[in-house]
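*Asks:* This structure is in structure tokens; I'll ask about it shortly.
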Amino acid sequence: MKLADNKATLSFSNGSPSIELPVYQGSIGPDVIDIRKLYGQSGMFTYDPGFLSTASCQSAITYIDGDKGELLYRGYPIEQLATKCDYLDTCYLLLKGELPNATERDDFHKLVLKHTMVHEQMQFFLRGFRRDAHPMAVLTGLIGALSAFYHDSTDINNPQHREIAAIRLISKLPTLVAMAYKYGVGQPFMYPRNELSYAGNFLHMMFGTPCEDYKVNPVLEKALDRIFILHADHEQNASTSTVRLCGSSGTNPFAAIAAGVACLWGPAHGGANEACLNMLEDIQRNGGIAKVGEFMEQVKDKNSGVKLMGFGHRVYKNYDPRAKLMQETCNEVLAELGLEKDPLFALAKQVEKIALEDDYFVQRKLYPNVDFYSGIVQRAIGIPVSLFTGIFALARTVGWIAQLNEMLADPEYKIGRPRQLFTGSPRRDVP
Ligand code: SDX
């Protein structure tokens, strides 16, 4: 970042001396006002619950232009990565800053596929859960537990430790997500097959059984790989900010990623894909397309507490580019499976059409986000609704790690410790 010619001057109506604050420029996107000295010079904090106007860090990984509906990973548009690269290429790009050449690509793919197994003891963690435990509860536990097995990669300030922890997490997440699924359906865990692709291996561990060979469907394999790419990173969203804040205390990478999984679970964030599919199924059950108008009235009634899940975004005030790509993937998968007439997909497209023509949504710039169509394509592939956010966590792990590593390599980073506007009782004595 570089100092801008522009400066910010803060003046106070109560006659306190005005304060000059430096403005910094990035390579693209909004400039920032550096307020680090504000409290020291004014005795005041800034106030920004939800961080609507706050940059928490500088980053070179992902850039979003919410007005244009643009998403770049290390400068490459998501539309190009989703069509010209695979997920492991995207992992390499997010972690190292450049796309791999042929040798780097081959070495990285081999490295990741060499770490796909988890310690045999890990399976005993699952036995502690009820069979109907939500997979995100299981994953939060399993990922945190990884730190108990890999003492040679828990020193977050050691670059070698961070490197091997990154590979272990990227490699083992699919195995752990598939184990959480198998445990829930009462089937035996499937060991990874390293001759398969990353996405193919995941499909095999999810839907294969020891009783017969599992044949990976290339259309579903490609669709899943694209879903992973679309979810890989997204600037300083809630779960990424959680990972950064958690990692800033110096805790190990596995614990920091487990914190990210826990945050992603929420329906306002990564849990929206599960909530969106449940919402579409509810509308379907209550009359389908004929009832969409009635549902929309509920959404627009503030007292109903009903939101149109899969719509709206803190940053995108235009169409989420990932939603467009996800809709295309939906078409491909449903066609492959002979489900073009899937009533839920037809319903989703109708809901989108009605919403995009409705003033309530237009005025608030509410568009479909990544979660609106992802549930439909995952359901068609056979992934249970409760596992949708687990898939999101699987894909987002590389983004969390890249952001965590970037923070740790930043000489300016400190432990995150926000302040507050205190509105409670002043000092008083116990009677
Ligand atoms: C993800 O941050 C990221 O990058 C996240 C993510 C990533 O890749 O990491 O993109 C993944 O989390 C996508 C978002 C998934 N969440 C949902 O689909 C849940 C539904 N969406 C909303 O909860 C909401 O849109 C948020 C949480 C996504 C964004 O909320 P904001 O930015 O805090 O906006 P807001 O709640 O202040 O809404 C502004 C207005 C309000 O109305 P008014 O008070 O102005 O009258 O829009 C309304 C809101 O009531 N609104 C909605 C709505 N979203 C916002 N009304 C109905 N349905 C919705 N979905």
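Following the order of the structure tokens, first chain is A, next is B, and so on, with residues numbered from 1 inside each chain and ligands from 1 in the order they appear.
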To check your reading of the model: which residues sit at most 9 Å from ligand 1 when counting only C-alpha atoms and all ligand atoms? Write the answer as a PDB file with C-alpha atoms, in the first residue's frame.

*Replies:*
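Below you can see pocket11.pdb, which holds the result:
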ATOM      1  CA  GLY A  50     -20.465  -5.151  11.732  1.00  0.00           C
ATOM      2  CA  LEU A  52     -19.430  -1.817   7.332  1.00  0.00           C
ATOM      3  CA  ILE A  64     -14.385  -7.954  -4.831  1.00  0.00           C
ATOM      4  CA  LEU A 230     -16.319 -20.759  -6.421  1.00  0.00           C
ATOM      5  CA  HIS A 231     -16.159 -21.106  -2.623  1.00  0.00           C
ATOM      6  CA  ALA A 232     -12.360 -21.011  -2.218  1.00  0.00           C
ATOM      7  CA  ASP A 233     -11.933 -17.464  -0.906  1.00  0.00           C
ATOM      8  CA  HIS A 234     -13.870 -14.225  -0.532  1.00  0.00           C
ATOM      9  CA  GLU A 235     -11.861 -11.369   1.034  1.00  0.00           C
ATOM     10  CA  GLN A 236     -12.535 -10.519   4.718  1.00  0.00           C
ATOM     11  CA  ASN A 237     -15.913 -12.272   5.197  1.00  0.00           C
ATOM     12  CA  ALA A 238     -17.062 -13.292   8.682  1.00  0.00           C
ATOM     13  CA  SER A 239     -15.344 -16.691   8.821  1.00  0.00           C
ATOM     14  CA  THR A 240     -12.094 -15.423   7.285  1.00  0.00           C
ATOM     15  CA  LEU A 264     -19.262 -20.403   8.625  1.00  0.00           C
ATOM     16  CA  GLY A 266     -24.306 -19.640  10.732  1.00  0.00           C
ATOM     17  CA  PRO A 267     -27.339 -19.238   8.387  1.00  0.00           C
ATOM     18  CA  ALA A 268     -26.391 -15.620   7.639  1.00  0.00           C
ATOM     19  CA  HIS A 269     -23.091 -16.917   6.225  1.00  0.00           C
ATOM     20  CA  GLY A 270     -22.127 -20.355   4.961  1.00  0.00           C
ATOM     21  CA  GLY A 271     -25.216 -21.983   6.480  1.00  0.00           C
ATOM     22  CA  ALA A 272     -27.347 -20.057   3.968  1.00  0.00           C
ATOM     23  CA  ASN A 273     -27.103 -22.800   1.333  1.00  0.00           C
ATOM     24  CA  ALA A 275     -31.291 -22.656   4.817  1.00  0.00           C
ATOM     25  CA  CYS A 276     -31.988 -21.714   1.183  1.00  0.00           C
ATOM     26  CA  MET A 296     -42.465 -12.758  -0.911  1.00  0.00           C
ATOM     27  CA  VAL A 299     -40.207 -11.622   3.334  1.00  0.00           C
ATOM     28  CA  LYS A 300     -41.100  -7.951   2.832  1.00  0.00           C
ATOM     29  CA  LYS A 302     -40.213  -6.894   8.642  1.00  0.00           C
ATOM     30  CA  GLY A 305     -38.446 -12.284  10.472  1.00  0.00           C
ATOM     31  CA  VAL A 306     -38.467 -14.214   7.170  1.00  0.00           C
ATOM     32  CA  LYS A 307     -35.526 -13.587   4.832  1.00  0.00           C
ATOM     33  CA  LEU A 308     -35.070 -14.757   1.255  1.00  0.00           C
ATOM     34  CA  MET A 309     -32.139 -17.079   1.937  1.00  0.00           C
ATOM     35  CA  GLY A 310     -29.479 -17.087  -0.752  1.00  0.00           C
ATOM     36  CA  PHE A 311     -30.234 -13.446  -1.523  1.00  0.00           C
ATOM     37  CA  GLY A 312     -28.414 -10.284  -0.507  1.00  0.00           C
ATOM     38  CA  HIS A 313     -24.804  -9.642   0.362  1.00  0.00           C
ATOM     39  CA  ARG A 314     -22.773  -7.194   2.410  1.00  0.00           C
ATOM     40  CA  VAL A 315     -20.493  -6.408  -0.518  1.00  0.00           C
ATOM     41  CA  TYR A 316     -22.275  -7.413  -3.745  1.00  0.00           C
ATOM     42  CA  ASP A 320     -22.822 -12.316  -7.310  1.00  0.00           C
ATOM     43  CA  ARG A 322     -20.533 -17.004  -8.412  1.00  0.00           C
ATOM     44  CA  TYR A 360     -38.275  -4.199  -2.287  1.00  0.00           C
ATOM     45  CA  PHE A 361     -35.313  -6.181  -3.620  1.00  0.00           C
ATOM     46  CA  GLN A 363     -34.205  -0.753  -3.948  1.00  0.00           C
ATOM     47  CA  ARG A 364     -32.082  -2.767  -1.500  1.00  0.00           C
ATOM     48  CA  LYS A 365     -29.905  -4.150  -4.313  1.00  0.00           C
ATOM     49  CA  LEU A 366     -30.625  -7.707  -3.226  1.00  0.00           C
ATOM     50  CA  TYR A 367     -29.427 -10.276  -5.770  1.00  0.00           C
ATOM     51  CA  PRO A 368     -28.862 -14.026  -5.600  1.00  0.00           C
ATOM     52  CA  ASN A 369     -25.567 -14.881  -3.896  1.00  0.00           C
ATOM     53  CA  VAL A 370     -23.368 -17.966  -4.106  1.00  0.00           C
ATOM     54  CA  ASP A 371     -25.723 -19.910  -1.842  1.00  0.00           C
ATOM     55  CA  PHE A 372     -28.882 -19.529  -3.913  1.00  0.00           C
ATOM     56  CA  PHE A 392     -18.438 -24.923   1.712  1.00  0.00           C
ATOM     57  CA  ARG A 396     -12.978 -22.390   1.871  1.00  0.00           C
TER      58      ARG A 396
END

*Asks:* Applying 8 Å and only C-alpha atoms, which residues near range 376-381 of chain A remain after dropping the ones on its own chain fewer than 3 positions away? List them as a VMD selection string.

*Replies:* chain A and resid 220 277 326 329 to 330 333 to 334 337 344 to 345 373 384 to 385 388

*Asks:* At a cut-off of 7 Å, using only C-alpha atoms, what residues contact range 15-30 of chain A? Leave out same-chain residues fewer than 6 positions from it and give the result as a list in words.

*Replies:*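 After dropping sequence-adjacent residues, the list is Met1, Lys2, Leu3, Ala4, Asn6, Lys7, Ala8 and Thr9 of chain A.
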
*Asks:* Using backbone DSSP assignments, extract all alpha helix (DSSP H) residues from range 321-399 of chain A; output them as an NGL selection string.

*Replies:* :A and (321-336 or 343-356 or 359-363 or 371-381 or 388-399)

*Asks:* For the atom pair CA of Leu394 in chain A and CA of Leu173 in chain A, what is the interatomic distance in Å to one decimal place?

*Replies:*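 Here the two named atoms are 5.5 Å from each other.
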
*Asks:* Can you pull out the residues contacting range 74-90 of chain A? Cut-off 6 Å, using only C-alpha atoms, and skip same-chain residues under 3 positions away; I want them as a VMD selection string.

*Replies:* chain A and resid 61 to 62 71 93 225 to 226 229

*Asks:* Output N, CA and C atoms of each residue in that selection to a file, as a PDB file, in the first residue's frame.

*Replies:*
ATOM      1  N   ILE A  61      -4.841 -11.002  -1.784  1.00  0.00           N
ATOM      2  CA  ILE A  61      -5.342 -12.318  -2.219  1.00  0.00           C
ATOM      3  C   ILE A  61      -6.585 -12.203  -3.088  1.00  0.00           C
ATOM      4  N   THR A  62      -7.692 -11.661  -2.513  1.00  0.00           N
ATOM      5  CA  THR A  62      -8.963 -11.635  -3.255  1.00  0.00           C
ATOM      6  C   THR A  62      -9.516 -10.224  -3.273  1.00  0.00           C
ATOM      7  N   LEU A  71     -15.255 -10.570  -9.035  1.00  0.00           N
ATOM      8  CA  LEU A  71     -14.493 -11.321  -8.019  1.00  0.00           C
ATOM      9  C   LEU A  71     -13.195 -11.788  -8.659  1.00  0.00           C
ATOM     10  N   LEU A  93      -2.674 -21.068  -6.527  1.00  0.00           N
ATOM     11  CA  LEU A  93      -2.721 -19.619  -6.802  1.00  0.00           C
ATOM     12  C   LEU A  93      -2.977 -18.826  -5.529  1.00  0.00           C
ATOM     13  N   ASP A 225     -15.755 -29.842  -8.618  1.00  0.00           N
ATOM     14  CA  ASP A 225     -14.484 -29.101  -8.645  1.00  0.00           C
ATOM     15  C   ASP A 225     -14.767 -27.609  -8.817  1.00  0.00           C
ATOM     16  N   ARG A 226     -15.786 -27.302  -9.664  1.00  0.00           N
ATOM     17  CA  ARG A 226     -16.117 -25.881  -9.862  1.00  0.00           C
ATOM     18  C   ARG A 226     -16.745 -25.293  -8.601  1.00  0.00           C
ATOM     19  N   ILE A 229     -14.003 -24.308  -6.415  1.00  0.00           N
ATOM     20  CA  ILE A 229     -13.327 -23.072  -6.869  1.00  0.00           C
ATOM     21  C   ILE A 229     -14.146 -21.842  -6.465  1.00  0.00           C
TER      22      ILE A 229
END

*Asks:* What does the structure give for the distance between CA of Leu113 in chain A and CA of Tyr198 in chain A, in Å to one decimal?

*Replies:*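 Distance reported for this atom pair: 7.4 Å.
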
*Asks:* Once DSSP has gone over the backbone, tell me which residues of range 173-368 of chain A are in strand (DSSP E or B), as a PyMOL selection string.

*Replies:* chain A and resi 209+212+311+368

*Asks:* Residues at most 10 Å from Ala133 in chain A, counting only C-alpha atoms, excluding those fewer than 6 positions away in the same chain, as a PyMOL selection string?

*Replies:* chain A and resi 126+180+183-184+386

*Asks:* How many Å separate CA of Met136 in chain A from CA of Trp265 in chain A?

*Replies:*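 A separation of 6.6 Å between them.
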
*Asks:* Write out as CSV the residues of range 200-229 of chain A that have any atom within 12 Å of an atom of range 156-171 of chain A, one row each with the nearest atom pair and its distance in Å to one decimal, counting only C-alpha atoms, sorted by chain and then rising number.

*Replies:*
residue,atom,partner,partner_atom,distance
A:Asn201,CA,A:Ser171,CA,10.5
A:Phe202,CA,A:Ser171,CA,10.4
A:Phe228,CA,A:Ile170,CA,11.4

*Asks:* Deliver the residues from the most recent selection as a file, using C-alpha atoms, as a PDB file, in the first residue's frame.

*Replies:*
ATOM      1  CA  ASN A 201     -11.657 -38.785  -4.590  1.00  0.00           C
ATOM      2  CA  PHE A 202     -14.267 -36.908  -2.568  1.00  0.00           C
ATOM      3  CA  PHE A 228     -14.909 -25.836  -4.730  1.00  0.00           C
TER       4      PHE A 228
END

*Asks:* Between A:Ile33, A:Leu203, A:Leu404, A:Ala323, which one has atoms that come closest to Ile383 in chain A, using only C-alpha atoms?

*Replies:* A:Leu203
